[in-house]
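Enquirer: Dropping in model-v4.txt, which is compact mmCIF, C-alpha atoms and all ligand atoms:
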# COMPACT_ATOMS: atom_id res chain seq x y z
CA MET A 17 175.14 312.00 87.55
CA VAL A 18 176.66 313.31 90.80
CA VAL A 19 180.40 312.81 90.94
CA ARG A 20 181.41 312.32 94.55
CA SER A 21 185.19 312.00 94.36
CA SER A 22 188.04 311.71 91.89
CA ALA A 23 188.11 307.94 92.49
CA THR A 24 184.41 307.74 91.72
CA ALA A 25 184.88 309.95 88.69
CA ARG A 26 187.63 307.69 87.41
CA ARG A 27 185.54 304.60 87.99
CA LEU A 28 182.54 306.06 86.24
CA PHE A 29 184.76 307.20 83.38
CA LEU A 30 186.21 303.69 83.07
CA SER A 31 182.72 302.23 83.32
CA ALA A 32 181.59 304.45 80.52
CA LEU A 33 184.51 303.26 78.41
CA LEU A 34 183.74 299.65 79.19
CA ALA A 35 180.02 300.03 78.63
CA PRO A 36 179.63 302.58 75.84
CA GLY A 37 176.20 304.05 75.45
CA LEU A 38 175.14 303.79 79.07
CA GLY A 39 176.10 307.41 79.74
CA CYS A 40 174.20 309.14 82.50
CA ASP A 41 171.86 306.16 82.98
CA ASP A 42 174.72 303.93 84.07
CA TRP A 43 173.28 301.35 86.46
CA ARG A 44 176.34 301.77 88.70
CA ASP A 45 175.27 305.27 89.70
CA GLY A 46 174.79 305.51 93.45
CA LEU A 47 176.34 302.11 94.16
CA ASP A 48 179.43 303.50 95.83
CA ALA A 49 180.25 300.38 97.82
CA TRP A 50 181.96 297.95 95.52
CA TYR A 51 184.57 295.23 95.31
CA ASP A 52 186.77 294.01 92.50
CA GLY A 53 187.07 290.25 92.83
CA GLU A 54 189.08 287.85 90.75
CA ASN A 55 186.00 286.69 88.84
CA LEU A 56 183.42 289.42 89.19
CA THR A 57 182.73 292.88 90.51
CA TYR A 58 180.39 293.06 93.52
CA TYR A 59 178.30 296.18 93.98
CA ASN A 60 175.79 296.98 96.69
CA SER A 61 173.50 299.79 97.72
CA PRO A 62 175.19 302.02 100.34
CA SER A 63 172.51 301.15 102.92
CA LEU A 64 173.53 297.46 102.91
CA VAL A 65 176.31 295.84 104.93
CA ALA A 66 177.81 292.58 103.74
CA CYS A 67 179.32 290.08 106.18
CA GLY A 68 183.09 289.68 106.00
CA GLY A 69 183.06 286.67 103.70
CA THR A 70 180.16 287.56 101.41
CA ARG A 71 181.97 289.15 98.48
CA ALA A 72 184.73 286.53 98.28
CA HIS A 73 182.06 283.81 98.54
CA VAL A 74 180.08 285.21 95.62
CA ASP A 75 183.31 285.83 93.66
CA GLY A 76 184.45 282.22 94.18
CA PHE A 77 181.14 280.83 92.97
CA VAL A 78 181.95 281.78 89.37
CA PRO A 79 184.95 279.42 88.98
CA PHE A 80 183.11 276.81 91.05
CA VAL A 81 180.04 276.60 88.85
CA THR A 82 181.98 276.90 85.60
CA GLY A 83 184.34 274.16 86.81
CA GLU A 84 181.38 271.89 87.60
CA LEU A 85 179.96 272.50 84.12
CA GLY A 86 183.31 272.11 82.34
CA LEU A 87 183.33 275.76 81.22
CA SER A 88 185.78 278.64 81.64
CA PRO A 89 184.98 281.56 84.00
CA PRO A 90 183.68 284.37 81.78
CA ALA A 91 184.93 287.95 82.00
CA GLY A 92 182.75 290.90 82.90
CA ILE A 93 180.45 289.27 85.46
CA ALA A 94 178.83 291.61 88.00
CA TYR A 95 176.83 290.90 91.15
CA VAL A 96 174.59 293.73 92.34
CA TRP A 97 172.97 293.61 95.79
CA LEU A 98 170.25 296.25 95.93
CA ASP A 99 168.04 297.64 98.65
CA THR A 100 164.30 297.84 97.98
CA ASP A 101 164.42 301.36 96.49
CA ASP A 102 167.36 300.65 94.19
CA PHE A 103 165.82 297.33 93.16
CA ALA A 104 162.62 299.11 92.14
CA ASP A 105 164.78 301.32 89.87
CA SER A 106 166.68 298.35 88.38
CA THR A 107 165.93 296.32 85.26
CA CYS A 108 164.26 293.66 87.46
CA ASP A 109 160.52 293.60 88.07
CA PRO A 110 159.94 293.58 91.85
CA GLU A 111 156.42 292.26 91.22
CA ILE A 112 157.81 289.06 89.70
CA ALA A 113 160.95 288.14 91.63
CA SER A 114 163.51 289.22 94.23
CA GLY A 115 166.28 288.97 91.64
CA CYS A 116 166.96 288.80 87.93
CA ALA A 117 169.89 288.55 85.59
CA HIS A 118 170.57 290.96 82.79
CA GLY A 119 173.25 289.52 80.53
CA ARG A 120 176.38 289.10 82.65
CA ARG A 121 174.90 291.10 85.54
CA ALA A 122 173.09 289.35 88.42
CA GLN A 123 170.85 291.64 90.48
CA SER A 124 169.09 290.79 93.70
CA THR A 125 167.70 292.02 96.99
CA SER A 126 169.80 289.29 98.68
CA PRO A 127 173.57 289.42 99.32
CA THR A 128 174.25 285.96 97.84
CA HIS A 129 171.59 285.06 95.27
CA LEU A 130 173.54 282.32 93.50
CA HIS A 131 170.60 281.39 91.24
CA GLU A 132 170.91 284.75 89.43
CA LEU A 133 174.69 284.39 89.23
CA VAL A 134 174.27 281.03 87.47
CA HIS A 135 172.10 282.86 84.90
CA ALA A 136 174.83 285.47 84.33
CA VAL A 137 177.49 282.78 83.84
CA THR A 138 175.43 280.56 81.53
CA TRP A 139 174.30 283.62 79.55
CA ALA A 140 177.97 284.37 78.83
CA HIS A 141 178.30 280.82 77.46
CA GLY A 142 175.25 281.05 75.19
CA MET A 143 173.23 278.61 77.28
CA ASN A 144 170.20 280.77 78.21
CA ARG A 145 168.24 280.03 75.06
CA LEU A 146 165.54 277.63 76.26
CA PRO A 147 163.87 278.94 79.46
CA PHE A 148 163.29 275.39 80.81
CA LEU A 149 167.05 274.71 80.76
CA THR A 150 168.04 278.22 81.84
CA GLU A 151 165.98 277.85 85.03
CA GLY A 152 166.77 274.16 85.52
CA ILE A 153 170.53 274.74 85.51
CA ALA A 154 170.21 277.69 87.93
CA VAL A 155 168.10 275.64 90.34
CA ALA A 156 170.56 272.73 90.12
CA TYR A 157 173.45 274.87 91.37
CA GLU A 158 171.77 277.52 93.54
CA GLY A 159 172.26 275.70 96.84
CA PRO A 160 171.42 272.60 98.87
CA LEU A 161 169.34 270.26 96.81
CA GLY A 162 165.64 270.47 97.44
CA TRP A 163 164.30 267.13 96.30
CA PRO A 164 160.81 265.74 96.67
CA PRO A 165 160.65 262.66 98.90
CA VAL A 166 161.89 259.41 97.45
CA GLY A 167 159.06 257.49 95.83
CA GLU A 168 157.06 260.55 94.90
CA GLU A 169 156.30 260.62 91.19
CA LEU A 170 157.74 263.64 89.46
CA SER A 171 155.88 265.73 86.93
CA ASP A 172 156.53 265.07 83.26
CA PRO A 173 159.05 267.75 82.19
CA ARG A 174 158.21 267.55 78.46
CA PRO A 175 155.08 269.77 78.44
CA VAL A 176 156.97 272.58 80.22
CA MET A 177 160.08 272.47 78.01
CA THR A 178 158.40 274.88 75.58
CA VAL A 179 156.87 277.39 78.03
CA PRO A 180 158.17 280.97 78.55
CA GLY A 181 160.46 281.73 81.49
CA SER A 182 157.69 283.08 83.71
CA GLU A 183 155.84 279.73 83.48
CA VAL A 184 158.71 277.30 84.06
CA PRO A 185 158.08 275.19 87.20
CA TYR A 186 161.44 275.48 88.99
CA GLY A 187 161.13 272.18 90.85
CA THR A 188 160.51 270.09 87.74
CA ALA A 189 163.17 271.89 85.68
CA GLY A 190 165.79 271.71 88.45
CA ALA A 191 165.06 268.07 89.21
CA PHE A 192 165.30 266.95 85.58
CA VAL A 193 168.53 268.89 84.98
CA GLN A 194 170.09 267.38 88.12
CA PHE A 195 168.94 263.94 87.06
CA LEU A 196 170.68 264.36 83.69
CA LEU A 197 173.84 265.69 85.36
CA TRP A 198 174.05 262.72 87.73
CA ARG A 199 173.65 260.22 84.92
CA HIS A 200 175.58 261.82 82.07
CA GLY A 201 177.71 264.70 83.38
CA PRO A 202 177.73 268.30 82.16
CA ALA A 203 179.05 268.09 78.56
CA PRO A 204 175.84 266.94 76.79
CA LEU A 205 173.75 269.30 78.92
CA VAL A 206 175.87 272.28 77.89
CA ASP A 207 175.58 271.18 74.25
CA TRP A 208 171.79 270.74 74.50
CA ALA A 209 171.38 274.15 76.17
CA GLN A 210 173.48 275.86 73.51
CA GLN A 211 171.60 274.26 70.61
CA THR A 212 167.99 274.65 71.75
CA ALA A 213 166.17 277.98 71.64
CA ALA A 214 162.98 279.65 72.81
CA GLY A 215 160.28 278.89 70.27
CA ASP A 216 161.51 275.37 69.53
CA ASP A 217 158.71 272.81 69.58
CA LEU A 218 159.05 269.58 71.53
CA ALA A 219 159.98 267.56 68.45
CA ARG A 220 162.97 269.81 67.79
CA ILE A 221 163.96 269.85 71.48
CA ALA A 222 163.86 266.03 71.47
CA ALA A 223 165.91 265.84 68.25
CA LEU A 224 168.56 268.15 69.74
CA PHE A 225 168.53 266.01 72.92
CA ALA A 226 169.26 262.93 70.78
CA ASP A 227 172.10 264.80 69.06
CA ALA A 228 173.64 265.86 72.38
CA TYR A 229 173.11 262.68 74.42
CA GLY A 230 172.81 259.92 71.84
CA LEU A 231 169.68 258.92 73.77
CA ASP A 232 165.93 259.10 73.39
CA LEU A 233 164.35 261.92 75.41
CA ASP A 234 161.23 259.85 76.13
CA ASP A 235 163.36 257.05 77.62
CA GLU A 236 165.19 259.46 79.94
CA VAL A 237 161.92 261.05 81.04
CA GLU A 238 160.55 257.59 81.76
CA ALA A 239 163.60 256.75 83.90
CA PHE A 240 163.33 260.12 85.65
CA ARG A 241 159.70 259.63 86.57
CA SER A 242 159.69 255.96 87.47
CA THR A 243 163.03 254.52 88.51
CA TRP A 244 164.53 257.35 90.51
CA SER A 245 167.88 255.88 89.66
CA CYS A 246 171.02 257.99 89.50
CA GLY A 247 172.75 254.94 88.02
CA ASP A 248 175.37 252.76 89.66
CA ASP A 249 178.09 255.38 89.81
CA PRO A 250 176.41 258.80 89.81
CA LEU A 251 178.44 261.79 88.73
CA PRO A 252 178.65 264.49 91.38
CA VAL A 253 176.34 267.50 91.35
CA ARG A 254 177.94 269.26 94.28
CA PRO A 255 176.55 272.16 96.25
CA TYR A 256 178.99 275.10 96.45
CA ALA A 257 179.61 274.27 100.13
CA CYS A 258 181.58 271.22 98.92
CA ALA A 259 184.32 273.64 97.80
CA ALA A 260 184.77 274.97 101.37
CA PRO A 261 188.08 274.36 103.26
CA THR A 262 188.60 270.85 104.64
CA ILE A 263 189.08 270.53 108.40
CA PRO A 264 191.21 267.50 109.42
CA TRP A 265 190.21 265.08 112.20
CA THR A 266 191.37 266.08 115.69
CA THR A 267 192.13 262.46 116.59
CA PRO A 268 191.54 259.27 114.56
CA GLU A 269 188.14 258.96 116.30
CA THR A 270 187.01 262.57 116.74
CA TRP A 271 186.35 265.46 114.39
CA THR A 272 185.58 268.86 115.95
CA HIS A 273 184.92 272.29 114.52
CA THR A 274 184.03 275.48 116.38
CA GLN A 275 182.67 278.39 114.38
CA SER A 276 181.85 281.91 115.52
CA MET A 277 179.01 283.21 113.35
CA ASP A 278 180.04 286.86 113.84
CA CYS A 279 179.08 288.59 110.58
CA SER A 280 182.30 290.61 110.49
CA ARG A 281 184.43 287.46 110.11
CA ASP A 282 185.79 286.62 106.67
CA ASP A 283 184.51 283.04 106.93
CA VAL A 284 180.89 284.14 107.49
CA VAL A 285 178.58 284.96 104.58
CA GLY A 286 175.43 287.09 104.82
CA GLY A 287 174.53 290.71 105.42
CA PHE A 288 172.09 293.18 106.87
CA SER A 289 170.33 296.47 106.27
CA PRO A 290 169.02 298.93 108.86
CA LEU A 291 165.71 297.01 108.74
CA TYR A 292 166.56 293.39 108.10
CA ALA A 293 169.21 290.72 108.75
CA TRP A 294 169.66 287.99 106.14
CA PRO A 295 170.58 284.44 107.15
CA SER A 296 174.31 284.00 107.68
CA ALA A 297 176.22 280.87 106.74
CA SER A 298 179.64 279.30 107.11
CA ALA A 299 180.77 276.01 105.61
CA VAL A 300 183.65 273.56 105.92
CA THR A 301 184.24 270.08 104.54
CA LEU A 302 185.47 266.88 106.17
CA ASP A 303 186.58 263.49 104.93
CA VAL A 304 185.09 260.32 106.39
CA ASP A 305 187.51 257.43 105.82
CA HIS A 306 185.64 254.61 107.53
CA PRO A 307 182.01 253.56 107.05
CA GLY A 308 179.87 253.00 110.10
CA PRO A 309 177.80 254.52 112.86
CA TYR A 310 178.77 258.00 114.06
CA THR A 311 177.35 260.47 116.56
CA LEU A 312 176.96 264.11 115.53
CA VAL A 313 177.01 266.44 118.55
CA VAL A 314 176.11 270.15 118.32
CA GLU A 315 176.61 272.72 121.07
CA SER A 316 175.91 276.44 120.89
CA ASP A 317 175.08 279.55 122.91
CA GLY A 318 172.49 280.75 120.37
CA ASP A 319 170.14 279.86 117.51
CA PHE A 320 171.53 277.94 114.54
CA THR A 321 170.89 275.36 111.84
CA VAL A 322 173.54 272.70 111.16
CA ARG A 323 173.44 270.69 107.93
CA LEU A 324 175.71 267.72 107.20
CA ALA A 325 175.43 266.23 103.72
CA PRO A 326 177.61 264.24 101.30
CA CYS A 327 179.44 265.74 98.31
CA PHE A 328 179.06 262.45 96.41
CA GLY A 329 176.53 259.80 95.52
CA CYS A 330 172.86 259.96 94.75
CA PRO A 331 171.01 262.53 96.90
CA TRP A 332 167.88 260.41 96.69
CA ASP A 333 169.56 258.11 99.19
CA GLY A 334 168.75 260.83 101.72
CA GLN A 335 171.99 261.09 103.69
CA GLN A 336 171.45 264.72 104.67
CA VAL A 337 171.16 265.52 108.40
CA VAL A 338 169.77 268.83 109.69
CA LEU A 339 169.90 269.86 113.38
CA ARG A 340 168.34 273.03 114.77
CA GLU A 341 168.80 272.36 118.48
CA ARG A 342 171.69 271.46 120.73
CA GLY A 343 172.04 267.73 121.12
CA ALA A 344 173.25 264.55 119.51
CA GLU A 345 172.13 262.54 116.52
CA SER A 346 173.17 259.02 115.51
CA LEU A 347 173.90 258.50 111.85
CA GLU A 348 175.38 256.00 109.45
CA LEU A 349 178.03 257.47 107.15
CA ALA A 350 179.56 256.08 103.98
CA PRO A 351 183.19 256.99 103.26
CA GLY A 352 183.73 260.19 101.29
CA ARG A 353 183.75 263.97 101.54
CA TYR A 354 180.93 265.77 103.37
CA TYR A 355 180.10 269.42 103.82
CA LEU A 356 179.03 270.94 107.08
CA GLN A 357 177.08 274.18 106.81
CA ILE A 358 176.20 276.27 109.85
CA GLN A 359 173.50 278.91 109.48
CA ALA A 360 172.45 281.67 111.86
CA ASN A 361 171.20 285.23 111.44
CA SER A 362 173.56 287.99 110.35
CA ASP A 363 172.66 290.20 113.33
CA GLU A 364 173.49 287.43 115.82
CA ALA A 365 176.87 285.86 116.56
CA PRO A 366 176.40 282.45 118.19
CA GLU A 367 179.39 280.19 118.61
CA VAL A 368 178.61 276.71 117.32
CA THR A 369 180.71 273.62 118.04
CA VAL A 370 180.07 270.51 115.97
CA SER A 371 181.77 267.21 116.62
CA LEU A 372 181.58 263.81 115.00
CA GLN A 373 182.76 260.72 116.84
ZN ZN B 1 165.97 282.09 87.24
Would you mind writing the file out in structure tokens?
Ligand SMILES: [Zn+2]
Expert:
Amino acid sequence: MVVRSSATARRLFLSALLAPGLGCDDWRDGLDAWYDGENLTYYNSPSLVACGGTRAHVDGFVPFVTGELGLSPPAGIAYVWLDTDDFADSTCDPEIASGCAHGRRAQSTSPTHLHELVHAVTWAHGMNRLPFLTEGIAVAYEGPLGWPPVGEELSDPRPVMTVPGSEVPYGTAGAFVQFLLWRHGPAPLVDWAQQTAAGDDLARIAALFADAYGLDLDDEVEAFRSTWSCGDDPLPVRPYACAAPTIPWTTPETWTHTQSMDCSRDDVVGGFSPLYAWPSASAVTLDVDHPGPYTLVVESDGDFTVRLAPCFGCPWDGQQVVLRERGAESLELAPGRYYLQIQANSDEAPEVTVSLQ
């Protein structure tokens, strides 16, 4: 252990107190760039540079995802962004994945790997017992929803509910968990995840499902695979971008937002290393009061991706719009809250103006 300064010495001493037994193998060694957030501590390898909003964005995800699941934000969560060398020395296996969670600690080669942070949060709530549900919940909240096209039959989730973590198909697990969340909300899911365990056979998993939901697992799987119905009044499964600040309408007929994607800004998330720039992102929300046809117009002096999607309803209705070039797109919008996410690259700083009229 090389002690670099009195501040570092104090931190390492406190770390040793907080994590007895780690001693000279403390995983924090060498991670001298760090940030104490309200909900977690963010560490990164010294070679990595986070955009201005990255750490607060990751910090704010903890109360977001716990709020969505009806849980309290746990103490002691850490997010660790590692360069390739440090990642190879971590408890993750670089051969298997670009991130992993170790108890309350999420580790990744990406600056904002929310999937691993979900694992850290649900671990703290005793929910990472059945790998199918552990992965399904992380996929459900890791970002914009990646659904198969409407009408495509989904795989039967039952045979993979008993497989080890390395064999869980993320798409099937994430889709089934989201389906249950839309129809029944988070409380029975949390209960089911806390009661099941690795090694349970399907009969026990189904019995615990019946205890948690008061429903037959086979019936829900049948509805999942055949009807594609979220129900008449689906409960929200919101992407994190839905918690972004709301920008009011400029006039009753026009909504406009201009965003500089300069990585140093505190409303831009992303990061870069000497060798690589990760995607950058910035999000806002807007409220549509009146249903009807709208025109989405995007202007920019650089490369970007703009995504407009609802924070309500059934995502199978396919209301998401993605634009990657300057121009206009006609769309029909239902009333409600939407999120607008602008993506670029962290080593570029295009200015993007989006208007809706
Ligand atoms: Zn995972």
Enquirer: Find the residues of chain A that sit at most 12 Å from ligand ZN 1 (chain B); for each, write down the nearest two atoms and how far apart they are in Å, to one decimal. Count only C-alpha atoms and all ligand atoms. Sort by chain, then by number going up, and give it as JSON lines.
Expert:
{"residue": "A:Cys108", "atom": "CA", "partner": "B:ZN1", "partner_atom": "ZN", "distance": 11.7}
{"residue": "A:Ile112", "atom": "CA", "partner": "B:ZN1", "partner_atom": "ZN", "distance": 11.0}
{"residue": "A:Ala113", "atom": "CA", "partner": "B:ZN1", "partner_atom": "ZN", "distance": 9.0}
{"residue": "A:Ser114", "atom": "CA", "partner": "B:ZN1", "partner_atom": "ZN", "distance": 10.3}
{"residue": "A:Gly115", "atom": "CA", "partner": "B:ZN1", "partner_atom": "ZN", "distance": 8.2}
{"residue": "A:Cys116", "atom": "CA", "partner": "B:ZN1", "partner_atom": "ZN", "distance": 6.8}
{"residue": "A:Ala117", "atom": "CA", "partner": "B:ZN1", "partner_atom": "ZN", "distance": 7.7}
{"residue": "A:His118", "atom": "CA", "partner": "B:ZN1", "partner_atom": "ZN", "distance": 10.9}
{"residue": "A:Ala122", "atom": "CA", "partner": "B:ZN1", "partner_atom": "ZN", "distance": 10.2}
{"residue": "A:Gln123", "atom": "CA", "partner": "B:ZN1", "partner_atom": "ZN", "distance": 11.2}
{"residue": "A:Ser124", "atom": "CA", "partner": "B:ZN1", "partner_atom": "ZN", "distance": 11.3}
{"residue": "A:His129", "atom": "CA", "partner": "B:ZN1", "partner_atom": "ZN", "distance": 10.2}
{"residue": "A:Leu130", "atom": "CA", "partner": "B:ZN1", "partner_atom": "ZN", "distance": 9.8}
{"residue": "A:His131", "atom": "CA", "partner": "B:ZN1", "partner_atom": "ZN", "distance": 6.2}
{"residue": "A:Glu132", "atom": "CA", "partner": "B:ZN1", "partner_atom": "ZN", "distance": 6.0}
{"residue": "A:Leu133", "atom": "CA", "partner": "B:ZN1", "partner_atom": "ZN", "distance": 9.2}
{"residue": "A:Val134", "atom": "CA", "partner": "B:ZN1", "partner_atom": "ZN", "distance": 8.4}
{"residue": "A:His135", "atom": "CA", "partner": "B:ZN1", "partner_atom": "ZN", "distance": 6.6}
{"residue": "A:Ala136", "atom": "CA", "partner": "B:ZN1", "partner_atom": "ZN", "distance": 9.9}
{"residue": "A:Thr138", "atom": "CA", "partner": "B:ZN1", "partner_atom": "ZN", "distance": 11.2}
{"residue": "A:Trp139", "atom": "CA", "partner": "B:ZN1", "partner_atom": "ZN", "distance": 11.4}
{"residue": "A:Asn144", "atom": "CA", "partner": "B:ZN1", "partner_atom": "ZN", "distance": 10.1}
{"residue": "A:Leu146", "atom": "CA", "partner": "B:ZN1", "partner_atom": "ZN", "distance": 11.9}
{"residue": "A:Pro147", "atom": "CA", "partner": "B:ZN1", "partner_atom": "ZN", "distance": 8.7}
{"residue": "A:Phe148", "atom": "CA", "partner": "B:ZN1", "partner_atom": "ZN", "distance": 9.7}
{"residue": "A:Leu149", "atom": "CA", "partner": "B:ZN1", "partner_atom": "ZN", "distance": 9.9}
{"residue": "A:Thr150", "atom": "CA", "partner": "B:ZN1", "partner_atom": "ZN", "distance": 7.0}
{"residue": "A:Glu151", "atom": "CA", "partner": "B:ZN1", "partner_atom": "ZN", "distance": 4.8}
{"residue": "A:Gly152", "atom": "CA", "partner": "B:ZN1", "partner_atom": "ZN", "distance": 8.2}
{"residue": "A:Ile153", "atom": "CA", "partner": "B:ZN1", "partner_atom": "ZN", "distance": 8.8}
{"residue": "A:Ala154", "atom": "CA", "partner": "B:ZN1", "partner_atom": "ZN", "distance": 6.1}
{"residue": "A:Val155", "atom": "CA", "partner": "B:ZN1", "partner_atom": "ZN", "distance": 7.5}
{"residue": "A:Ala156", "atom": "CA", "partner": "B:ZN1", "partner_atom": "ZN", "distance": 10.8}
{"residue": "A:Tyr157", "atom": "CA", "partner": "B:ZN1", "partner_atom": "ZN", "distance": 11.2}
{"residue": "A:Glu158", "atom": "CA", "partner": "B:ZN1", "partner_atom": "ZN", "distance": 9.7}
{"residue": "A:Pro180", "atom": "CA", "partner": "B:ZN1", "partner_atom": "ZN", "distance": 11.7}
{"residue": "A:Gly181", "atom": "CA", "partner": "B:ZN1", "partner_atom": "ZN", "distance": 8.0}
{"residue": "A:Ser182", "atom": "CA", "partner": "B:ZN1", "partner_atom": "ZN", "distance": 9.1}
{"residue": "A:Glu183", "atom": "CA", "partner": "B:ZN1", "partner_atom": "ZN", "distance": 11.1}
{"residue": "A:Val184", "atom": "CA", "partner": "B:ZN1", "partner_atom": "ZN", "distance": 9.3}
{"residue": "A:Pro185", "atom": "CA", "partner": "B:ZN1", "partner_atom": "ZN", "distance": 10.5}
{"residue": "A:Tyr186", "atom": "CA", "partner": "B:ZN1", "partner_atom": "ZN", "distance": 8.2}
{"residue": "A:Gly187", "atom": "CA", "partner": "B:ZN1", "partner_atom": "ZN", "distance": 11.6}
{"residue": "A:Ala189", "atom": "CA", "partner": "B:ZN1", "partner_atom": "ZN", "distance": 10.7}
{"residue": "A:Gly190", "atom": "CA", "partner": "B:ZN1", "partner_atom": "ZN", "distance": 10.5}
Enquirer: Between atom CA of Gly159 of chain A and atom CA of Val237 of chain A, what is the distance in Å, rounded to a tenth?
Expert: 23.9 Å
Enquirer: What is the distance, in Å and to one decimal place, between atom CA of Leu251 of chain A and atom CA of Val304 of chain A?
Expert: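 Going from atom CA of Leu251 of chain A over to atom CA of Val304 of chain A covers 18.9 Å.
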Enquirer: Atom CA of Asp282 of chain A to atom CA of Gly343 of chain A: how many Å, to one decimal?
Expert: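 A separation of 27.5 Å between them.
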Enquirer: Determine, counting all atoms listed in the file, which protein, DNA and RNA residues have an atom within 10 Å of an atom of segment 260-276 of chain A; residues of the same chain fewer than 3 positions away are not included. Present the result as a PDB file with C-alpha atoms, in the frame of the given file.
Expert:
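Output below, filename result_30.pdb:
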ATOM      1  CA  HIS A  73     182.060 283.810  98.540  1.00  0.00           C
ATOM      2  CA  TYR A 256     178.990 275.100  96.450  1.00  0.00           C
ATOM      3  CA  ALA A 257     179.610 274.270 100.130  1.00  0.00           C
ATOM      4  CA  CYS A 279     179.080 288.590 110.580  1.00  0.00           C
ATOM      5  CA  ARG A 281     184.430 287.460 110.110  1.00  0.00           C
ATOM      6  CA  ASP A 283     184.510 283.040 106.930  1.00  0.00           C
ATOM      7  CA  VAL A 284     180.890 284.140 107.490  1.00  0.00           C
ATOM      8  CA  SER A 298     179.640 279.300 107.110  1.00  0.00           C
ATOM      9  CA  ALA A 299     180.770 276.010 105.610  1.00  0.00           C
ATOM     10  CA  VAL A 300     183.650 273.560 105.920  1.00  0.00           C
ATOM     11  CA  THR A 301     184.240 270.080 104.540  1.00  0.00           C
ATOM     12  CA  LEU A 302     185.470 266.880 106.170  1.00  0.00           C
ATOM     13  CA  ASP A 303     186.580 263.490 104.930  1.00  0.00           C
ATOM     14  CA  VAL A 304     185.090 260.320 106.390  1.00  0.00           C
ATOM     15  CA  ASP A 305     187.510 257.430 105.820  1.00  0.00           C
ATOM     16  CA  TYR A 310     178.770 258.000 114.060  1.00  0.00           C
ATOM     17  CA  THR A 311     177.350 260.470 116.560  1.00  0.00           C
ATOM     18  CA  LEU A 312     176.960 264.110 115.530  1.00  0.00           C
ATOM     19  CA  VAL A 313     177.010 266.440 118.550  1.00  0.00           C
ATOM     20  CA  VAL A 314     176.110 270.150 118.320  1.00  0.00           C
ATOM     21  CA  GLU A 315     176.610 272.720 121.070  1.00  0.00           C
ATOM     22  CA  SER A 316     175.910 276.440 120.890  1.00  0.00           C
ATOM     23  CA  ARG A 353     183.750 263.970 101.540  1.00  0.00           C
ATOM     24  CA  TYR A 354     180.930 265.770 103.370  1.00  0.00           C
ATOM     25  CA  TYR A 355     180.100 269.420 103.820  1.00  0.00           C
ATOM     26  CA  LEU A 356     179.030 270.940 107.080  1.00  0.00           C
ATOM     27  CA  GLN A 357     177.080 274.180 106.810  1.00  0.00           C
ATOM     28  CA  ILE A 358     176.200 276.270 109.850  1.00  0.00           C
ATOM     29  CA  ALA A 365     176.870 285.860 116.560  1.00  0.00           C
ATOM     30  CA  PRO A 366     176.400 282.450 118.190  1.00  0.00           C
ATOM     31  CA  GLU A 367     179.390 280.190 118.610  1.00  0.00           C
ATOM     32  CA  VAL A 368     178.610 276.710 117.320  1.00  0.00           C
ATOM     33  CA  THR A 369     180.710 273.620 118.040  1.00  0.00           C
ATOM     34  CA  VAL A 370     180.070 270.510 115.970  1.00  0.00           C
ATOM     35  CA  SER A 371     181.770 267.210 116.620  1.00  0.00           C
ATOM     36  CA  LEU A 372     181.580 263.810 115.000  1.00  0.00           C
ATOM     37  CA  GLN A 373     182.760 260.720 116.840  1.00  0.00           C
TER      38      GLN A 373
END
Enquirer: Counting only C-alpha atoms, select every polymer residue within 9 Å of (179.9, 272.8, 90.9) as defined in the file's coordinates, and provide the selection as a ChimeraX atom specification.
Expert: /A:77,79-85,157,252-256,258-259
Enquirer: Using all atoms listed in the file, give me every residue within 10 Å of (183.7, 291.2, 90.1) in file coordinates, as a list of chain:residue names.
Expert: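 The requested residues, written out, are A:Trp50, A:Tyr51, A:Asp52, A:Gly53, A:Glu54, A:Asn55, A:Leu56, A:Thr57, A:Tyr58, A:Tyr59, A:Arg71, A:Ala72, A:Val74, A:Asp75, A:Gly76, A:Val78, A:Ala91, A:Gly92, A:Ile93, A:Ala94, A:Tyr95, A:Val96, A:Arg121.
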Enquirer: If you count only C-alpha atoms, which residues fall within 9 Å of Leu349 of chain A, apart from same-chain ones fewer than 6 positions away, as a VMD selection string?
Expert: chain A and resid 304 306 to 310 326 335
Enquirer: With distances taken over only C-alpha atoms, which of A:Ser289, A:Ser171, A:Thr70, A:Gln210 is nearest to Phe192 of chain A?
Expert: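 Using only C-alpha atoms, the shortest distance to Phe192 of chain A belongs to A:Ser171.
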Enquirer: Smallest atom-to-atom distance to Phe103 of chain A: which of A:Arg120, A:Val338, A:Val137, A:Asn60, using all atoms listed in the file?
Expert: A:Asn60
Enquirer: If we count only C-alpha atoms and set the cut-off at 9 Å, which residues sit around Asp172 of chain A, ignoring sequence neighbours fewer than 6 positions away in its own chain? Please answer as a PyMOL selection string.
Expert: chain A and resi 188+237-238+240-241
Enquirer: Can you tell me, as a ChimeraX atom specification, what residues are no more than 9 Å from Asp234 of chain A when counting all atoms listed in the file, ignoring any on the same chain fewer than 5 positions away?
Expert: /A:174,222,239
Enquirer: Which one of A:Ala203, A:Val193, A:Met277, A:Leu47 sits closest to Ser61 of chain A if you count only C-alpha atoms?
Expert: A:Leu47
Enquirer: Write out as a list in words each polymer residue whose atoms come within 10 Å of Ala66 of chain A, counting all atoms listed in the file; drop sequence neighbours fewer than 6 positions from it.
Expert: Asn60, Trp97, Pro127, Thr128, Cys279, Ser280, Val284, Val285, Gly286, Gly287, Phe288, Ser289, Trp294 and Ser362 of chain A
Enquirer: Point out the residue among A:Met177, A:Leu87, A:Val65, A:Ala140 with the least atom-to-atom distance to Leu291 of chain A, counting all atoms listed in the file.
Expert: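 Comparing A:Met177, A:Leu87, A:Val65, A:Ala140 against Leu291 of chain A, the winner is A:Val65.
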